[in-house]
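Asks: Pasting input_30.csv here (CSV, C-alpha atoms and all ligand atoms):
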```csv
chain,number,residue,atom,x,y,z
R,140,MET,CA,102.4,-78.1,-156.4
R,141,ALA,CA,102.1,-74.3,-156.9
R,142,ALA,CA,104.6,-72.7,-159.3
R,143,ARG,CA,107.0,-70.4,-157.5
R,144,MET,CA,108.8,-67.3,-158.6
R,145,ALA,CA,112.5,-66.8,-158.0
R,146,ILE,CA,113.4,-63.7,-156.0
R,147,ILE,CA,117.1,-62.8,-156.3
R,148,LEU,CA,118.6,-60.6,-153.7
R,149,SER,CA,122.0,-59.2,-154.7
R,150,GLN,CA,123.9,-58.2,-151.7
R,151,GLY,CA,125.5,-54.7,-151.4
R,152,GLN,CA,129.2,-54.2,-151.0
R,153,SER,CA,130.5,-53.0,-147.6
R,154,GLN,CA,131.2,-49.3,-147.4
R,155,GLY,CA,132.0,-48.5,-143.8
R,156,GLN,CA,130.6,-50.5,-141.0
R,157,ASN,CA,127.4,-48.6,-140.3
R,158,HIS,CA,126.5,-48.4,-144.0
R,159,SER,CA,127.1,-52.0,-144.7
R,160,SER,CA,125.2,-53.2,-141.6
R,161,ALA,CA,122.2,-51.1,-142.6
R,162,LYS,CA,122.4,-52.8,-146.0
R,163,ARG,CA,122.6,-56.3,-144.4
R,164,HIS,CA,119.7,-55.4,-142.1
R,165,LEU,CA,117.5,-54.4,-145.0
R,166,GLU,CA,118.5,-57.5,-147.1
R,167,GLU,CA,117.9,-59.9,-144.2
R,168,ASN,CA,114.5,-58.3,-143.3
R,169,ILE,CA,113.3,-58.6,-146.9
R,170,ALA,CA,114.5,-62.2,-147.1
R,171,ALA,CA,112.7,-63.0,-143.8
R,172,GLY,CA,109.6,-61.2,-144.9
R,173,LEU,CA,109.4,-63.5,-148.0
R,174,ALA,CA,110.8,-66.7,-146.5
R,175,SER,CA,107.4,-68.2,-145.5
R,176,ASP,CA,105.7,-67.2,-148.7
R,177,PRO,CA,105.0,-70.4,-150.7
R,178,THR,CA,105.0,-68.5,-154.0
R,179,CYS,CA,108.5,-67.1,-153.6
R,180,ALA,CA,111.9,-68.8,-153.8
R,181,VAL,CA,114.3,-66.3,-152.2
R,182,MET,CA,118.0,-66.6,-153.2
R,183,LEU,CA,120.9,-64.5,-152.0
R,184,ILE,CA,123.8,-63.8,-154.3
R,185,PRO,CA,127.0,-61.7,-153.9
R,186,PRO,CA,127.0,-58.1,-155.4
R,187,LEU,CA,126.1,-58.6,-159.0
R,188,TYR,CA,128.4,-56.1,-160.6
R,189,ASP,CA,131.5,-57.5,-158.8
R,190,LEU,CA,131.0,-61.1,-159.7
R,191,PRO,CA,133.7,-62.6,-162.0
R,192,PRO,CA,132.4,-64.0,-165.4
R,193,GLY,CA,132.7,-67.7,-164.3
R,194,SER,CA,130.8,-67.1,-161.1
R,195,PRO,CA,128.3,-70.0,-160.2
R,196,ALA,CA,125.7,-67.2,-159.5
R,197,PHE,CA,125.6,-66.4,-163.2
R,198,GLN,CA,125.4,-70.0,-164.1
R,199,MET,CA,122.5,-70.4,-161.7
R,200,LEU,CA,120.7,-67.3,-163.1
R,201,ARG,CA,121.2,-68.5,-166.7
R,202,GLU,CA,119.6,-71.8,-165.8
R,203,LEU,CA,116.7,-70.3,-163.8
R,204,PRO,CA,113.4,-71.3,-165.4
R,205,GLY,CA,110.9,-68.5,-166.1
R,206,ASP,CA,110.6,-64.9,-164.9
R,207,PHE,CA,112.3,-63.6,-161.8
R,208,VAL,CA,112.6,-60.6,-159.6
R,209,LEU,CA,116.0,-59.0,-158.9
R,210,LEU,CA,116.6,-56.7,-156.0
R,211,SER,CA,120.0,-55.0,-156.1
R,212,TRP,CA,121.8,-51.9,-155.0
R,213,LEU,CA,122.0,-50.7,-158.6
R,214,TYR,CA,119.7,-48.7,-160.9
R,215,PRO,CA,117.5,-51.2,-162.8
R,216,ARG,CA,119.1,-50.4,-166.2
R,217,ALA,CA,122.6,-51.0,-164.8
R,218,ALA,CA,121.5,-54.3,-163.2
R,219,HIS,CA,119.7,-55.4,-166.3
R,220,TRP,CA,122.6,-54.8,-168.7
R,221,THR,CA,125.1,-56.3,-166.2
R,222,LEU,CA,123.1,-59.5,-166.3
R,223,ASP,CA,122.9,-59.3,-170.1
R,224,ARG,CA,126.7,-59.1,-170.5
R,225,HIS,CA,126.8,-62.4,-168.6
R,226,HIS,CA,124.2,-63.9,-170.9
R,227,VAL,CA,121.4,-63.8,-168.4
R,228,ARG,CA,118.7,-62.4,-170.8
R,229,GLY,CA,115.2,-61.2,-170.3
R,230,GLN,CA,112.9,-58.3,-170.9
R,231,LEU,CA,113.6,-55.4,-168.5
R,232,ILE,CA,110.5,-54.7,-166.5
R,233,GLU,CA,110.5,-51.6,-164.3
R,234,THR,CA,108.1,-51.4,-161.4
R,235,PRO,CA,105.9,-48.6,-160.1
R,236,LEU,CA,108.6,-48.0,-157.4
R,237,ILE,CA,110.7,-46.4,-160.1
R,238,GLU,CA,110.0,-43.4,-162.3
R,239,THR,CA,110.7,-44.2,-166.0
R,240,PRO,CA,114.1,-42.9,-167.1
R,241,LEU,CA,112.9,-41.0,-170.1
R,242,GLU,CA,110.1,-39.2,-168.3
R,243,SER,CA,112.4,-38.2,-165.5
R,244,GLY,CA,115.1,-36.8,-167.8
R,245,VAL,CA,112.6,-34.9,-169.9
R,246,ASN,CA,111.0,-33.4,-166.8
R,247,GLU,CA,114.4,-32.4,-165.4
R,248,LEU,CA,115.2,-30.5,-168.6
R,249,ARG,CA,111.7,-28.9,-168.8
R,250,GLU,CA,112.1,-27.7,-165.2
R,251,HIS,CA,115.2,-25.8,-166.3
R,252,GLY,CA,113.4,-24.2,-169.2
R,253,ALA,CA,114.9,-26.3,-171.9
R,254,GLN,CA,113.1,-27.8,-174.9
R,255,PRO,CA,114.4,-31.4,-175.0
R,256,GLN,CA,114.7,-33.2,-178.3
R,257,LEU,CA,113.9,-36.9,-178.0
R,258,PRO,CA,116.5,-39.3,-179.6
R,259,ASP,CA,115.7,-40.4,-183.1
R,260,ALA,CA,113.5,-43.5,-182.5
R,261,ASP,CA,114.1,-44.6,-186.1
R,262,GLN,CA,117.8,-45.1,-185.6
R,263,PRO,CA,118.5,-48.9,-185.4
R,264,ARG,CA,119.7,-50.2,-182.1
R,265,VAL,CA,121.8,-53.3,-181.5
R,266,LEU,CA,118.9,-54.8,-179.5
R,267,ASP,CA,116.7,-54.7,-182.6
R,268,ARG,CA,118.8,-57.3,-184.2
R,269,ARG,CA,118.4,-59.8,-181.3
R,270,PRO,CA,115.5,-62.2,-180.8
R,271,ALA,CA,113.2,-60.9,-178.0
R,272,PRO,CA,113.7,-63.0,-174.9
R,273,ASP,CA,110.4,-64.5,-173.6
R,274,ARG,CA,111.1,-64.2,-170.0
R,275,ARG,CA,110.7,-61.1,-167.8
R,276,ILE,CA,113.2,-59.8,-165.3
R,277,TYR,CA,111.6,-57.4,-162.7
R,278,HIS,CA,114.1,-55.0,-161.2
R,279,LEU,CA,113.9,-53.3,-157.8
R,280,ASP,CA,116.5,-50.8,-156.6
R,281,LEU,CA,117.2,-51.4,-152.9
R,282,ARG,CA,118.1,-47.7,-152.5
R,283,THR,CA,114.5,-46.7,-153.1
R,284,SER,CA,113.5,-47.2,-149.4
R,285,GLU,CA,114.9,-48.2,-146.1
R,286,ASP,CA,111.6,-50.0,-145.2
R,287,PRO,CA,111.7,-53.7,-146.0
R,288,ARG,CA,107.9,-53.8,-146.1
R,289,VAL,CA,108.0,-51.7,-149.3
R,290,PHE,CA,109.9,-54.3,-151.1
R,291,VAL,CA,108.1,-57.3,-149.6
R,292,GLN,CA,104.8,-55.7,-150.7
R,293,GLU,CA,106.1,-54.9,-154.2
R,294,VAL,CA,107.4,-58.5,-154.7
R,295,ARG,CA,104.1,-59.9,-153.6
R,296,ARG,CA,102.3,-57.6,-156.1
R,297,ILE,CA,104.5,-58.8,-158.9
R,298,VAL,CA,104.1,-62.4,-158.0
R,299,ALA,CA,100.3,-62.0,-157.8
R,300,GLU,CA,100.3,-60.1,-161.1
R,301,ARG,CA,102.2,-63.0,-162.7
R,302,GLY,CA,100.1,-65.6,-160.9
R,303,GLY,CA,97.9,-66.3,-163.9
R,304,ALA,CA,100.8,-67.0,-166.2
R,305,LEU,CA,102.7,-69.0,-163.6
R,306,ALA,CA,99.6,-71.2,-162.8
R,307,ASP,CA,99.7,-72.4,-166.4
R,308,ARG,CA,103.2,-73.7,-166.0
R,309,SER,CA,104.3,-77.0,-164.5
R,310,ALA,CA,106.1,-77.0,-161.2
R,311,ALA,CA,109.2,-78.1,-163.2
R,312,ALA,CA,109.3,-74.5,-164.6
R,313,SER,CA,109.8,-73.2,-161.0
R,314,PRO,CA,113.1,-72.9,-159.2
R,315,PRO,CA,113.8,-76.0,-157.2
R,316,ALA,CA,112.5,-76.1,-153.6
R,317,ASP,CA,116.0,-76.3,-152.1
R,318,SER,CA,117.2,-73.2,-154.0
R,319,SER,CA,119.2,-71.1,-151.7
R,320,HIS,CA,122.4,-69.2,-152.2
R,321,HIS,CA,123.8,-67.4,-149.3
R,322,VAL,CA,127.3,-65.9,-149.3
R,323,PRO,CA,128.4,-64.5,-146.0
R,324,ALA,CA,129.7,-60.9,-146.1
R,325,ALA,CA,133.2,-62.0,-145.3
R,326,THR,CA,133.5,-63.7,-148.7
R,327,LEU,CA,132.2,-60.8,-150.8
R,328,PRO,CA,134.1,-60.5,-154.1
R,329,ALA,CA,136.5,-57.6,-154.6
R,330,ARG,CA,135.1,-54.5,-156.1
R,331,ARG,CA,135.4,-54.1,-159.9
R,332,TRP,CA,135.1,-51.2,-162.3
R,333,TYR,CA,134.1,-51.6,-165.9
R,334,PRO,CA,131.7,-50.2,-168.5
R,335,VAL,CA,128.3,-52.0,-169.2
R,336,ILE,CA,126.7,-51.4,-172.6
R,337,ASP,CA,122.9,-50.8,-172.8
R,338,TYR,CA,122.1,-52.4,-176.2
R,339,SER,CA,118.6,-50.9,-176.3
R,340,ARG,CA,120.4,-47.5,-176.8
R,341,CYS,CA,123.6,-48.5,-178.6
R,342,THR,CA,123.7,-47.9,-182.3
R,343,ASN,CA,127.1,-49.6,-182.8
R,344,CYS,CA,128.7,-46.3,-183.9
R,345,MET,CA,132.2,-47.4,-182.6
R,346,GLU,CA,133.0,-44.0,-181.0
R,347,CYS,CA,133.8,-45.7,-177.7
R,348,ILE,CA,136.3,-48.2,-179.2
R,349,ASP,CA,138.1,-45.3,-181.1
R,350,PHE,CA,138.2,-43.2,-177.9
R,351,CYS,CA,139.4,-45.7,-175.3
R,352,LEU,CA,143.2,-46.3,-175.4
R,353,PHE,CA,143.1,-49.1,-172.9
R,354,GLY,CA,141.8,-51.9,-175.1
R,355,VAL,CA,138.6,-52.3,-173.1
R,356,PHE,CA,136.2,-52.5,-176.1
R,357,GLY,CA,136.2,-55.1,-178.9
R,358,VAL,CA,133.8,-56.5,-181.5
R,359,ASP,CA,132.2,-59.9,-181.8
R,360,HIS,CA,132.0,-62.0,-185.0
R,361,GLN,CA,129.1,-59.9,-186.2
R,362,GLU,CA,131.1,-56.7,-185.7
R,363,THR,CA,129.0,-55.6,-182.8
R,364,ILE,CA,130.6,-53.6,-180.0
R,365,LEU,CA,131.3,-55.3,-176.7
R,366,VAL,CA,133.3,-54.9,-173.6
R,367,GLU,CA,136.0,-57.4,-174.3
R,368,GLN,CA,138.6,-56.7,-171.5
R,369,PRO,CA,136.6,-55.2,-168.7
R,370,ASP,CA,139.4,-55.3,-166.2
R,371,ASN,CA,141.6,-53.1,-168.5
R,372,CYS,CA,139.3,-50.2,-167.6
R,373,ARG,CA,140.9,-47.6,-165.3
R,374,ARG,CA,139.3,-47.5,-161.9
R,375,GLY,CA,137.3,-44.3,-161.5
R,376,CYS,CA,137.5,-43.4,-165.2
R,377,PRO,CA,134.0,-42.9,-166.8
R,378,ALA,CA,135.3,-41.0,-169.9
R,379,CYS,CA,133.8,-43.2,-172.6
R,380,SER,CA,130.3,-42.8,-171.1
R,381,ARG,CA,130.6,-39.0,-171.8
R,382,VAL,CA,131.7,-39.7,-175.4
R,383,CYS,CA,128.9,-42.1,-176.3
R,384,PRO,CA,126.4,-40.2,-178.3
R,385,GLU,CA,123.5,-42.4,-177.0
R,386,ASN,CA,124.3,-42.4,-173.3
R,387,ALA,CA,124.5,-46.2,-173.7
R,388,ILE,CA,127.6,-46.8,-171.5
R,389,ILE,CA,126.9,-47.3,-167.9
R,390,PHE,CA,129.3,-47.3,-164.9
R,391,PRO,CA,127.0,-48.7,-162.3
R,392,ARG,CA,129.2,-47.4,-159.4
R,393,HIS,CA,129.6,-43.8,-160.6
R,394,LYS,CA,128.2,-41.1,-158.3
R,395,THR,CA,126.5,-39.3,-161.2
R,396,PRO,CA,123.1,-41.0,-161.8
R,397,LEU,CA,123.2,-40.3,-165.5
R,398,ILE,CA,126.5,-42.3,-165.8
R,399,ALA,CA,125.4,-44.9,-163.3
R,400,GLY,CA,122.3,-45.9,-165.4
R,401,GLY,CA,119.9,-43.8,-163.5
R,402,PRO,CA,117.1,-41.6,-164.8
R,403,GLY,CA,118.4,-39.8,-167.9
R,404,VAL,CA,118.1,-39.5,-171.6
R,405,ALA,CA,120.3,-39.8,-174.6
R,406,SER,CA,122.7,-37.6,-176.4
R,407,ALA,CA,120.7,-34.6,-177.6
R,408,MET,CA,119.6,-33.9,-174.0
R,409,LYS,CA,123.0,-34.6,-172.6
R,410,LEU,CA,124.4,-31.8,-174.7
R,411,ASP,CA,121.5,-29.5,-173.8
R,412,LEU,CA,122.2,-30.1,-170.1
R,413,SER,CA,125.9,-29.1,-170.4
R,414,GLN,CA,124.9,-25.9,-172.3
R,415,LEU,CA,122.2,-25.2,-169.8
R,416,PHE,CA,124.5,-25.3,-166.7
R,417,GLY,CA,127.5,-23.8,-168.5
R,418,ARG,CA,129.6,-26.9,-168.0
R,419,PRO,CA,132.5,-27.7,-170.4
R,420,ALA,CA,131.4,-29.9,-173.3
R,421,GLU,CA,131.3,-33.6,-172.4
R,422,GLN,CA,133.9,-34.4,-175.0
R,423,GLU,CA,136.4,-32.1,-173.4
R,424,VAL,CA,135.8,-33.6,-169.9
R,425,ALA,CA,136.2,-37.1,-171.3
R,426,ALA,CA,139.4,-36.3,-173.1
R,427,ARG,CA,140.8,-34.8,-169.8
R,428,GLU,CA,139.8,-37.9,-167.8
R,429,ARG,CA,141.3,-40.2,-170.4
R,430,ASP,CA,144.6,-38.2,-170.4
R,431,GLU,CA,144.8,-38.3,-166.7
R,432,HIS,CA,144.5,-42.1,-166.7
R,433,LEU,CA,147.1,-42.3,-169.5
R,434,ARG,CA,149.5,-40.2,-167.4
R,435,ARG,CA,148.9,-42.3,-164.3
R,436,SER,CA,149.8,-45.4,-166.2
R,437,GLY,CA,153.0,-43.8,-167.6
R,438,ARG,CA,151.7,-43.3,-171.2
R,439,ALA,CA,151.8,-40.4,-173.5
R,440,THR,CA,148.6,-38.3,-173.7
R,441,VAL,CA,146.7,-37.6,-176.9
R,442,PRO,CA,147.7,-34.3,-178.5
R,443,SER,CA,144.6,-32.1,-178.9
R,444,ALA,CA,143.7,-31.0,-182.4
R,445,PRO,CA,145.5,-27.7,-183.4
R,446,GLU,CA,143.3,-24.6,-183.2
R,447,PRO,CA,142.4,-23.3,-186.7
R,448,ARG,CA,145.0,-20.8,-187.9
R,449,GLU,CA,144.0,-17.2,-188.4
R,450,HIS,CA,143.7,-16.2,-192.1
R,451,ASP,CA,147.0,-14.3,-192.3
R,452,ILE,CA,148.6,-12.0,-195.0
R,453,LEU,CA,150.2,-15.0,-196.8
R,454,ASP,CA,146.8,-16.7,-197.2
R,455,GLU,CA,145.4,-13.4,-198.7
R,456,LEU,CA,148.3,-13.2,-201.2
R,457,ILE,CA,147.7,-16.9,-202.3
R,458,ASP,CA,143.9,-16.1,-202.6
R,459,GLU,CA,144.7,-13.1,-204.8
R,460,LEU,CA,147.1,-15.2,-207.0
R,461,ASP,CA,144.4,-17.9,-207.4
R,462,GLN,CA,141.9,-15.2,-208.5
R,463,MET,CA,144.3,-13.9,-211.1
R,464,ASP,CA,144.1,-17.3,-212.9
R,465,LEU,CA,147.8,-17.2,-214.1
H,1,LIG,S1,129.8,-45.1,-178.4
H,1,LIG,FE1,127.9,-45.8,-177.5
H,1,LIG,S2,126.4,-46.1,-179.2
H,1,LIG,FE2,128.5,-46.0,-180.1
H,1,LIG,S3,129.1,-48.2,-180.1
H,1,LIG,FE3,129.9,-47.4,-178.2
H,1,LIG,S4,128.3,-47.8,-176.7
H,1,LIG,FE4,127.4,-48.0,-178.7
H,2,LIG,S1,136.3,-45.5,-168.8
H,2,LIG,FE1,138.3,-44.9,-169.7
H,2,LIG,S2,139.5,-46.7,-169.5
H,2,LIG,FE2,137.4,-47.4,-169.1
H,2,LIG,S3,136.6,-48.1,-171.0
H,2,LIG,FE3,136.1,-46.0,-170.9
H,2,LIG,S4,137.7,-44.8,-171.8
H,2,LIG,FE4,138.5,-46.9,-171.5
```
Show this structure as structure tokens.
Ligand code: SF4
Ligand code: SF4
Replies:
Amino acid sequence: MAARMAIILSQGQSQGQNHSSAKRHLEENIAAGLASDPTCAVMLIPPLYDLPPGSPAFQMLRELPGDFVLLSWLYPRAAHWTLDRHHVRGQLIETPLIETPLESGVNELREHGAQPQLPDADQPRVLDRRPAPDRRIYHLDLRTSEDPRVFVQEVRRIVAERGGALADRSAAASPPADSSHHVPAATLPARRWYPVIDYSRCTNCMECIDFCLFGVFGVDHQETILVEQPDNCRRGCPACSRVCPENAIIFPRHKTPLIAGGPGVASAMKLDLSQLFGRPAEQEVAARERDEHLRRSGRATVPSAPEPREHDILDELIDELDQMDL
């Protein structure tokens, strides 16, 4: 029996009737386009980001043998690190449908006349300390096209590309023949809002844990940063993603692509961008956002650091006395 590859289709949340029916239409047409393909095992799961930690969908993905393709309504980096936080591990493989984030961010800056400085590649990242997973997860962003044929074609290309490797594996390493997970739209989970950490960028500097006053972040037994209480995060607040010096904190639902895990680069360029467009520094915006959420939850805001005092006449007198060496 030929080895098959799991194709996971993560449904989109509803967002107005027309929008959600367009999403359903695309999802159903992709599933139908691949249904008769003997090399693909198509499985539908509820919206990935909204799934609670104990969801059977995560259990199924953890137990899935071998490589798989994930089609979701998220940026690949956001989808990948959402899986990772639920212990569904693999190498992130981007596809030709998507421009690589680093190139895109650099090009955006160059178009505006800036000289981007690439992040320091020598700085150790949390991911460097982990053993490299031997399976690959191919990510496709369903927002890339409205045409289901684009995705069907790309999935077939990936499956064909992986064909040689898969042929060497036994059928036992394929998803079971009766794999199918279909959750009707009426049972979609409630929307959630929490940060997702990209450990390929994170340097474990702890700025986020110091900044957030809602107890969202914590550390594991190796003192590595993690999102410990995701549901403590204030809905709509993306403040810590602006504070992170490596642009490693993703809010997959944020409207700004750089915060949602879309094309973009790390800190040095983030600061360049704000200078370039005359925007207030990211740190100031973040502090304002955090204070707003503290106020809304009836808590005191953080007093800003006092402005440095002018050197006044008293300071001058003290300086003179010092110089007299009495
Ligand atoms: S601020 Fe960013 S780089 Fe620093 S620990 Fe938090 S996620 Fe990692
Ligand atoms: S977005 Fe705001 S509330 Fe949520 S983790 Fe970051 S700082 Fe904390």
Asks: Show me which residues sit within 9 Å of ligand LIG 2 (chain H) when counting all atoms listed in the file, and put them as a PyMOL selection string.
Replies: chain R and resi 332-334+347-348+350-356+366+368-382+388+390+425-426+428-429+432-433
Asks: Store the residues picked out above in a file with C-alpha atoms, as a PDB file, in the frame of the given file.
Replies:
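The resulting file, again_35.pdb, is reproduced below:
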```pdb
ATOM      1  CA  TRP R 332     135.100 -51.200-162.300  1.00  0.00           C
ATOM      2  CA  TYR R 333     134.100 -51.600-165.900  1.00  0.00           C
ATOM      3  CA  PRO R 334     131.700 -50.200-168.500  1.00  0.00           C
ATOM      4  CA  CYS R 347     133.800 -45.700-177.700  1.00  0.00           C
ATOM      5  CA  ILE R 348     136.300 -48.200-179.200  1.00  0.00           C
ATOM      6  CA  PHE R 350     138.200 -43.200-177.900  1.00  0.00           C
ATOM      7  CA  CYS R 351     139.400 -45.700-175.300  1.00  0.00           C
ATOM      8  CA  LEU R 352     143.200 -46.300-175.400  1.00  0.00           C
ATOM      9  CA  PHE R 353     143.100 -49.100-172.900  1.00  0.00           C
ATOM     10  CA  GLY R 354     141.800 -51.900-175.100  1.00  0.00           C
ATOM     11  CA  VAL R 355     138.600 -52.300-173.100  1.00  0.00           C
ATOM     12  CA  PHE R 356     136.200 -52.500-176.100  1.00  0.00           C
ATOM     13  CA  VAL R 366     133.300 -54.900-173.600  1.00  0.00           C
ATOM     14  CA  GLN R 368     138.600 -56.700-171.500  1.00  0.00           C
ATOM     15  CA  PRO R 369     136.600 -55.200-168.700  1.00  0.00           C
ATOM     16  CA  ASP R 370     139.400 -55.300-166.200  1.00  0.00           C
ATOM     17  CA  ASN R 371     141.600 -53.100-168.500  1.00  0.00           C
ATOM     18  CA  CYS R 372     139.300 -50.200-167.600  1.00  0.00           C
ATOM     19  CA  ARG R 373     140.900 -47.600-165.300  1.00  0.00           C
ATOM     20  CA  ARG R 374     139.300 -47.500-161.900  1.00  0.00           C
ATOM     21  CA  GLY R 375     137.300 -44.300-161.500  1.00  0.00           C
ATOM     22  CA  CYS R 376     137.500 -43.400-165.200  1.00  0.00           C
ATOM     23  CA  PRO R 377     134.000 -42.900-166.800  1.00  0.00           C
ATOM     24  CA  ALA R 378     135.300 -41.000-169.900  1.00  0.00           C
ATOM     25  CA  CYS R 379     133.800 -43.200-172.600  1.00  0.00           C
ATOM     26  CA  SER R 380     130.300 -42.800-171.100  1.00  0.00           C
ATOM     27  CA  ARG R 381     130.600 -39.000-171.800  1.00  0.00           C
ATOM     28  CA  VAL R 382     131.700 -39.700-175.400  1.00  0.00           C
ATOM     29  CA  ILE R 388     127.600 -46.800-171.500  1.00  0.00           C
ATOM     30  CA  PHE R 390     129.300 -47.300-164.900  1.00  0.00           C
ATOM     31  CA  ALA R 425     136.200 -37.100-171.300  1.00  0.00           C
ATOM     32  CA  ALA R 426     139.400 -36.300-173.100  1.00  0.00           C
ATOM     33  CA  GLU R 428     139.800 -37.900-167.800  1.00  0.00           C
ATOM     34  CA  ARG R 429     141.300 -40.200-170.400  1.00  0.00           C
ATOM     35  CA  HIS R 432     144.500 -42.100-166.700  1.00  0.00           C
ATOM     36  CA  LEU R 433     147.100 -42.300-169.500  1.00  0.00           C
TER      37      LEU R 433
END
```
Asks: Output as a tab-separated table one row per residue of chain R within 6 Å of ligand LIG 1 (chain H): the closest atom pair and its distance in Å to one decimal place, counting all atoms listed in the file, sorted by chain and residue number ascending.
Replies:
```
residue	atom	partner	partner_atom	distance
R:Ile336	CA	H:LIG1	S4	5.7
R:Cys341	CA	H:LIG1	S2	3.7
R:Thr342	CA	H:LIG1	S2	4.5
R:Asn343	CA	H:LIG1	S3	3.6
R:Cys344	CA	H:LIG1	FE2	3.8
R:Met345	CA	H:LIG1	S3	4.1
R:Glu346	CA	H:LIG1	S1	4.3
R:Cys347	CA	H:LIG1	S1	4.1
R:Ile364	CA	H:LIG1	S3	5.6
R:Cys383	CA	H:LIG1	S1	3.8
R:Pro384	CA	H:LIG1	FE1	5.9
R:Glu385	CA	H:LIG1	S2	5.2
R:Ala387	CA	H:LIG1	S4	5.1
R:Ile388	CA	H:LIG1	S4	5.3
```
Asks: Just the selected residues (C-alpha atoms), exported as an mmCIF file, keeping the file's coordinate frame, please.
Replies:
```
data_model
loop_
_atom_site.group_PDB
_atom_site.id
_atom_site.type_symbol
_atom_site.label_atom_id
_atom_site.label_comp_id
_atom_site.auth_asym_id
_atom_site.auth_seq_id
_atom_site.Cartn_x
_atom_site.Cartn_y
_atom_site.Cartn_z
ATOM 1 C CA ILE R 336 126.700 -51.400 -172.600
ATOM 2 C CA CYS R 341 123.600 -48.500 -178.600
ATOM 3 C CA THR R 342 123.700 -47.900 -182.300
ATOM 4 C CA ASN R 343 127.100 -49.600 -182.800
ATOM 5 C CA CYS R 344 128.700 -46.300 -183.900
ATOM 6 C CA MET R 345 132.200 -47.400 -182.600
ATOM 7 C CA GLU R 346 133.000 -44.000 -181.000
ATOM 8 C CA CYS R 347 133.800 -45.700 -177.700
ATOM 9 C CA ILE R 364 130.600 -53.600 -180.000
ATOM 10 C CA CYS R 383 128.900 -42.100 -176.300
ATOM 11 C CA PRO R 384 126.400 -40.200 -178.300
ATOM 12 C CA GLU R 385 123.500 -42.400 -177.000
ATOM 13 C CA ALA R 387 124.500 -46.200 -173.700
ATOM 14 C CA ILE R 388 127.600 -46.800 -171.500
#
```
Asks: What is the atom CA of Glu233 of chain R to atom CA of Leu365 of chain R distance in Å?
Replies: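 Taking atom CA of Glu233 of chain R as the start and atom CA of Leu365 of chain R as the end point, the length is 24.5 Å.
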Asks: I'd like to know which of R:Gln262, R:Ser339, R:Gln150, R:Ser436 is closest to Asp223 of chain R, using all atoms listed in the file.
Replies: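 Closest to Asp223 of chain R, using all atoms listed in the file: R:Ser339.
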Asks: Quick one: axis-aligned box around all listed atoms of segment 382-390 of chain R, 3 Å on every side, centre and edge lengths in Å to one decimal, written as AutoDock Vina command-line options.
Replies:
```
--center_x 127.6 --center_y -43.5 --center_z -171.6 --size_x 14.2 --size_y 13.6 --size_z 19.4
```
Asks: Could you check which residues have any atom within 8 Å of (123.0, -45.3, -159.6), counting all atoms listed in the file with coordinates taken straight from the file, and then list them as a list in words?
Replies: Leu213, Tyr214, Ala217, Pro391, Arg392, His393, Lys394, Thr395, Pro396, Leu397, Ile398, Ala399, Gly400 and Gly401 of chain R
Asks: Could you please determine the separation between atom CA of Gln198 of chain R and atom CA of Val227 of chain R in Å, to one decimal place?
Replies: 8.5 Å
Asks: Start from the incomplete input, build N, CA and C atoms for segment 190-200 of chain R, and deliver everything as a compact mmCIF listing (two decimals), in the frame of the given file.
Replies:
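Ended up saving to out-v6.txt:
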```txt
# COMPACT_ATOMS: atom_id res chain seq x y z
N LEU R 190 130.76 -59.67 -159.51
CA LEU R 190 131.00 -61.10 -159.70
C LEU R 190 131.87 -61.34 -160.95
N PRO R 191 132.83 -62.24 -160.83
CA PRO R 191 133.70 -62.60 -162.00
C PRO R 191 132.84 -63.37 -163.02
N PRO R 192 133.23 -63.36 -164.31
CA PRO R 192 132.40 -64.00 -165.40
C PRO R 192 132.08 -65.47 -165.08
N GLY R 193 133.01 -66.23 -164.48
CA GLY R 193 132.70 -67.70 -164.30
C GLY R 193 131.98 -67.95 -162.98
N SER R 194 131.42 -66.94 -162.36
CA SER R 194 130.80 -67.10 -161.10
C SER R 194 129.60 -68.13 -161.14
N PRO R 195 129.48 -69.03 -160.17
CA PRO R 195 128.30 -70.00 -160.20
C PRO R 195 127.01 -69.23 -160.08
N ALA R 196 127.01 -67.99 -159.55
CA ALA R 196 125.70 -67.20 -159.50
C ALA R 196 125.19 -66.95 -160.86
N PHE R 197 126.08 -66.61 -161.81
CA PHE R 197 125.60 -66.40 -163.20
C PHE R 197 125.10 -67.65 -163.81
N GLN R 198 125.81 -68.73 -163.55
CA GLN R 198 125.40 -70.00 -164.10
C GLN R 198 123.97 -70.35 -163.56
N MET R 199 123.76 -70.13 -162.27
CA MET R 199 122.50 -70.40 -161.70
C MET R 199 121.37 -69.51 -162.29
N LEU R 200 121.70 -68.23 -162.50
CA LEU R 200 120.70 -67.30 -163.10
C LEU R 200 120.39 -67.68 -164.53
```
